[in-house]
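Let me begin by presenting the structure, written as structure tokens, before commenting on it.
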Amino acid sequence: MTTRDRAVIGALAVLLLAISAAIAAPAFSRRTGPSPSPVESASPLSAVRAYREGILSRPTSINPLTASTQADRDIVALVFSGLTRLGPEGSVVPDLAERWSTDEAGSSWVFSIRPDAVWQDGVAVTSDDVVFTIQTLQDPEYAGPTAESWAEVAVSALDARTVQFDLKTPVAGFLNATTQPLLPAHILAGVPASALADDPFSRSPIGSGPFRLVNWDDLEADLEPAFPDATPVPAGSPAAPSAGPKRVQPYLVKVELHFYSDPAQLADDFRKGNLEAAVGLPPSMANDILASPGSRLVRYPRSTFTGIVLNLRISHRELRDVRVRRALLQALDRSKLITDVLDGTGVRADTPIPPSSWASDPSAQAPVKFDPKAAATGLRAAGWKQVKGRWVAPGGSSAFHLQLLAPNAGASPLVWATAQEVDAAWTRFGLTVDLEGMPPADLVGGRLQTGLFGAAALDINVGLDPDLYPLLASTQTASRSNISGLQLPALDALLEAARRPVSTEVRKQAFKALETDLAANLYVLPLFFRDEVVVLSDRVQGPAPRPISDPADRYWDVLTWRLASGR
């Protein structure tokens, strides 16, 4: 797998993915949908009770490789499957694959596909579908967010139901990567990678997941169980069985996804009882809904942290002193940030490792407290001085201007709000801050990847199997994933050790060493990890929180969701 594997993909790709979900606009004005396959017939959906979910997003392309909005990814999560899927307590469990094995080095993996795995048109899922999907991801014409995530993986079909992956760079997070939803080769083999988004398949998808898409437009999508003859989920099961010869079916017999651009309208429809769930609301609005009877909040810890990436190239020597970086963090009241920006739906980040992760070790962290006096002392010790209340860097004669970039409010409202709070706090502290919000393409390609910035407020997804190598390793500077420009061999060794495919206990020790270094040197200023907040009606039974990488991961246990009878 490439050094920028799917656990992170690269901080910039994740940034673009998150931003694209926020700014997506409606693309279709009429319903489209798949025709019934020879092995299934459309049921009269109006005759059954639907689970109704409101989502603050609009769909555009229902394809695992071209999904660009949150609504796209949500539908994909219900319609498509990967070799594996997320399980309870942070696990990865079989999905289309019934079992797998790997060599001692973690460089070669062999997966066996379930004998009952079929596409929703009745065609068997085979190793050709796996090979086709991965080779499409590797195609130079494919420009999606996972374009470089499989570049160093060789995939081959050993037989119709057995596929092998050979990794040039073995990484411990590879198993998480196999949750990648697959595409049907028998339908798409002749379609160029560059044409996938516009192909009719992306309007009328045929997946292998538990739900099939009956119809959809920019306002609503209707789904129903794809395999009505499948085995019901065992009573009390936290999710589908992790292995076995039988496909399982969901309890929900109809799903309606309703799409919104206005969060107030989404909240209002939930309050009126028109929805069983509301997804994507601003935290304060989600918390306000809880005042309504019969509702509750489910908080999913995310592997994305919001932080300040600093330009640490030699040309930006003012920020290369750790005392300066510590002072910048001490000048920020992160508890206030979490209250003001997230309405309390998040936790402070002391390092970029999520506190919800198995890899996090509180004993390796050195929490930095809000302490403006200590921050001023630190800056003075680093050779800074104040002139007329403004901080002047060593060797300077006038106020130092710290350029702070961020995605603009339309692209990422919470990150922009965070940047504004940081700007205000640093200004009160005596720094001269030049805050600028930018469209995603200009921010990433024009400024971050070219090193033309001082600091940037960003969302960075480190993955469910945390991997900071893409963000901080020296080798990633040339590829422009390491936007801070760090070149530290000692840090590289720590990053490599943490991602090496060895035992969990050995990795925990490697992460402890890495986290100790991250806490001491603050290469990135961590602010907070925010939760994905879903408002649910008490009519819904089943959804359970677990760490997630994308909001669509909330469907990890959808097979067990029920609507309360008689309500």
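Residue names in the structure tokens use chain letters A, B, ... in the order shown, residue numbers from 1 in each chain, and ligand numbers from 1 in the order shown.
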If we count only C-alpha atoms, what is near segment 398-400 of chain A at a cut-off of 12 Å, once residues fewer than 4 positions away on the same chain are taken out, given as a compact mmCIF listing (two decimals) with C-alpha atoms, in the first residue's frame?
# COMPACT_ATOMS: atom_id res chain seq x y z
CA HIS A 316 9.70 30.46 8.44
CA GLU A 318 10.00 32.32 13.62
CA LEU A 319 7.78 29.26 14.17
CA TRP A 384 10.49 37.92 21.10
CA LYS A 385 9.61 41.33 22.48
CA GLN A 386 6.57 43.55 22.67
CA VAL A 387 6.48 46.96 21.03
CA LYS A 388 3.37 49.04 21.63
CA GLY A 389 1.52 45.92 22.73
CA ARG A 390 2.38 43.93 19.62
CA TRP A 391 4.78 40.98 19.48
CA VAL A 392 7.96 41.42 17.44
CA ALA A 393 9.93 38.36 16.31
CA PRO A 394 13.69 38.05 16.95
CA THR A 427 -4.98 39.19 18.71
CA GLY A 430 -0.75 40.74 21.22
CA LEU A 431 -0.08 38.94 17.98
CA THR A 432 -0.89 40.58 14.67
CA VAL A 433 -2.95 38.04 12.76
CA ASP A 434 -3.95 38.20 9.12
CA GLY A 454 2.20 30.88 7.87
Shell around segment 514-521 of chain A at 10 Å using only C-alpha atoms, local window under 4 positions removed, as a ChimeraX atom specification | /A:320-323,325-326,350-353,359-368,468,490-498,508-510,525-526
Pull C-alpha atoms from the residues just selected and write them as a PDB file, in the first residue's frame.
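Okay, this is what ended up in result_26.pdb:
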ATOM      1  CA  ARG A 320      10.521  26.608  14.301  1.00  0.00           C
ATOM      2  CA  ASP A 321      11.252  27.210  17.992  1.00  0.00           C
ATOM      3  CA  VAL A 322       9.107  24.867  20.107  1.00  0.00           C
ATOM      4  CA  ARG A 323       8.822  27.594  22.757  1.00  0.00           C
ATOM      5  CA  ARG A 325       4.646  26.912  19.242  1.00  0.00           C
ATOM      6  CA  ARG A 326       3.888  26.184  22.886  1.00  0.00           C
ATOM      7  CA  ASP A 350      -3.613  17.086  23.396  1.00  0.00           C
ATOM      8  CA  THR A 351      -1.980  15.264  20.473  1.00  0.00           C
ATOM      9  CA  PRO A 352      -3.237  14.330  16.997  1.00  0.00           C
ATOM     10  CA  ILE A 353      -4.015  10.803  18.252  1.00  0.00           C
ATOM     11  CA  ALA A 359      -3.444   3.894  20.238  1.00  0.00           C
ATOM     12  CA  SER A 360      -3.943   6.829  22.605  1.00  0.00           C
ATOM     13  CA  ASP A 361      -1.934   6.791  25.843  1.00  0.00           C
ATOM     14  CA  PRO A 362      -2.806   9.536  28.363  1.00  0.00           C
ATOM     15  CA  SER A 363       0.504   8.976  30.153  1.00  0.00           C
ATOM     16  CA  ALA A 364       2.353  10.064  26.998  1.00  0.00           C
ATOM     17  CA  GLN A 365       0.471  13.333  26.745  1.00  0.00           C
ATOM     18  CA  ALA A 366       1.490  16.630  28.285  1.00  0.00           C
ATOM     19  CA  PRO A 367      -1.665  18.778  28.306  1.00  0.00           C
ATOM     20  CA  VAL A 368      -0.983  22.429  27.555  1.00  0.00           C
ATOM     21  CA  LEU A 468       0.434  10.529  10.871  1.00  0.00           C
ATOM     22  CA  ALA A 490      14.116  11.144  14.315  1.00  0.00           C
ATOM     23  CA  LEU A 491      10.407  11.866  13.867  1.00  0.00           C
ATOM     24  CA  ASP A 492      10.359   9.783  10.681  1.00  0.00           C
ATOM     25  CA  ALA A 493      11.586   6.780  12.642  1.00  0.00           C
ATOM     26  CA  LEU A 494       8.814   7.187  15.207  1.00  0.00           C
ATOM     27  CA  LEU A 495       6.160   7.547  12.503  1.00  0.00           C
ATOM     28  CA  GLU A 496       7.372   4.432  10.714  1.00  0.00           C
ATOM     29  CA  ALA A 497       7.442   2.381  13.900  1.00  0.00           C
ATOM     30  CA  ALA A 498       3.852   3.302  14.743  1.00  0.00           C
ATOM     31  CA  LYS A 508       1.129   0.571  21.598  1.00  0.00           C
ATOM     32  CA  GLN A 509       4.677   1.123  22.779  1.00  0.00           C
ATOM     33  CA  ALA A 510       5.576   2.673  19.429  1.00  0.00           C
ATOM     34  CA  LEU A 525      -1.198  22.639  17.324  1.00  0.00           C
ATOM     35  CA  PRO A 526      -4.056  20.259  18.233  1.00  0.00           C
TER      36      PRO A 526
END
Identify, on the basis of only C-alpha atoms, every residue whose closest approach to segment 288-303 of chain A does not exceed 7 Å; exclude the query and any residue fewer than 4 positions from it along the same chain; express the result as number ranges by chain.
-> A: 271, 284, 354, 356, 461-464, 529-538, 545-549
Write down as a VMD selection string the residues belonging to segment 359-400 of chain A that are assigned alpha helix (DSSP H) by DSSP computed on the backbone.
-> chain A and resid 372 to 381
For Gly451 of chain A: contacts at 12 Å, only C-alpha atoms, fewer than 4 positions along chain excluded, given as a PyMOL selection string = chain A and resi 309-316+405+443-447+455-456+477-478+480-486
Please report, as a PyMOL selection string, each residue of segment 74-265 of chain A to which DSSP assigns strand (DSSP E or B) when run on this structure's backbone.
-> chain A and resi 84-86+92-94+97-102+108-113+118+124+153-159+162-167+211-216+220-225+231-232+248-249+255-259
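Minimum atom-to-atom distances from A:Glu256, A:Glu436, A:Asp262, A:Asp217 to Ser61 of chain A were compared using only C-alpha atoms, and the lowest value belongs to A:Asp217.
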Contacts of Val155 of chain A within 10 Å, only C-alpha atoms, excl. fewer than 5 positions in-chain, as a VMD selection string | chain A and resid 108 to 110 127 130 to 135 150 163 to 167
Write out, as a CSV table (one decimal), in the first residue's frame, the residues just selected, with N, CA and C atoms.
chain,number,residue,atom,x,y,z
A,108,SER,N,1.6,-9.5,2.4
A,108,SER,CA,0.8,-10.2,1.4
A,108,SER,C,-0.5,-10.6,2.2
A,109,TRP,N,-1.6,-10.3,1.6
A,109,TRP,CA,-2.9,-10.6,2.2
A,109,TRP,C,-3.8,-11.4,1.2
A,110,VAL,N,-4.5,-12.5,1.7
A,110,VAL,CA,-5.3,-13.3,0.8
A,110,VAL,C,-6.7,-13.3,1.4
A,127,SER,N,-13.6,-12.3,-7.5
A,127,SER,CA,-12.3,-11.6,-7.3
A,127,SER,C,-12.1,-10.7,-8.5
A,130,VAL,N,-13.0,-7.3,-7.3
A,130,VAL,CA,-12.0,-6.7,-6.4
A,130,VAL,C,-10.9,-6.1,-7.3
A,131,VAL,N,-10.4,-6.9,-8.2
A,131,VAL,CA,-9.3,-6.4,-9.0
A,131,VAL,C,-9.7,-5.2,-9.8
A,132,PHE,N,-10.9,-5.2,-10.4
A,132,PHE,CA,-11.4,-4.1,-11.2
A,132,PHE,C,-11.4,-2.8,-10.3
A,133,THR,N,-12.0,-2.9,-9.1
A,133,THR,CA,-12.1,-1.8,-8.3
A,133,THR,C,-10.8,-1.2,-7.9
A,134,ILE,N,-9.9,-2.0,-7.5
A,134,ILE,CA,-8.5,-1.5,-7.1
A,134,ILE,C,-7.8,-0.9,-8.3
A,135,GLN,N,-7.8,-1.6,-9.4
A,135,GLN,CA,-7.1,-1.1,-10.6
A,135,GLN,C,-7.7,0.2,-11.1
A,150,TRP,N,-3.9,3.5,-3.2
A,150,TRP,CA,-3.6,2.1,-3.5
A,150,TRP,C,-2.4,2.0,-4.5
A,163,VAL,N,-8.7,-13.6,-3.7
A,163,VAL,CA,-7.9,-12.4,-4.2
A,163,VAL,C,-6.7,-12.2,-3.3
A,164,GLN,N,-5.6,-11.8,-3.9
A,164,GLN,CA,-4.4,-11.5,-3.1
A,164,GLN,C,-3.9,-10.1,-3.3
A,165,PHE,N,-3.5,-9.4,-2.2
A,165,PHE,CA,-2.9,-8.1,-2.2
A,165,PHE,C,-1.5,-8.2,-1.8
A,166,ASP,N,-0.6,-7.7,-2.6
A,166,ASP,CA,0.8,-7.6,-2.2
A,166,ASP,C,1.2,-6.2,-2.0
A,167,LEU,N,1.7,-5.8,-0.8
A,167,LEU,CA,2.0,-4.4,-0.5
A,167,LEU,C,3.5,-4.2,-0.6
Using only C-alpha atoms, I'd like a table of the residues in segment 199-290 of chain A that come within 12 Å of segment 69-72 of chain A; for each, show the closest atom pair and its distance in Å rounded to one decimal, ordered by chain and ascending number, as CSV.
residue,atom,partner,partner_atom,distance
A:Ser202,CA,A:Asp72,CA,10.0
A:Arg203,CA,A:Asp72,CA,10.7
A:Pro205,CA,A:Asp72,CA,11.6
A:Leu213,CA,A:Asp72,CA,11.9
A:Trp216,CA,A:Asp72,CA,11.1
A:Asp217,CA,A:Ala71,CA,11.2
A:Asp218,CA,A:Ala71,CA,9.5
A:Leu219,CA,A:Ala71,CA,10.5
A:Glu220,CA,A:Ala71,CA,10.1
A:Ala221,CA,A:Ala71,CA,9.6
A:Leu257,CA,A:Ala71,CA,8.7
A:His258,CA,A:Ala71,CA,9.4
A:Phe259,CA,A:Ala71,CA,7.5
A:Tyr260,CA,A:Ala71,CA,9.8
A:Ser261,CA,A:Ala71,CA,11.3
A:Val279,CA,A:Gln70,CA,10.1
A:Gly280,CA,A:Gln70,CA,9.0
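Taking atom CA of Arg52 of chain A and atom CA of Ala286 of chain A as endpoints, the distance between them is 16.9 Å.
Excluding Arg499 of chain A itself and same-chain residues fewer than 3 positions from it, the residues having an atom within 10 Å of it are Thr3, Pro170, Val171, Ala172, Gly173, Phe174, Asp465, Pro466, Asp467, Leu468, Tyr469, Leu494, Leu495, Glu496, Val502, Arg507, Ala510 and Phe511 of chain A, counting only C-alpha atoms.
One finds atom CA of Leu329 of chain A at 26.0 Å from atom CA of Pro439 of chain A.
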Within 7 Å of Arg348 of chain A using only C-alpha atoms, minus same-chain residues under 6 positions, as a count of residues only | 4
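The residue that comes closest to Ala154 of chain A, out of A:Ser112, A:Glu276, A:Ser107, A:Leu458 and on the basis of only C-alpha atoms, is A:Ser107.
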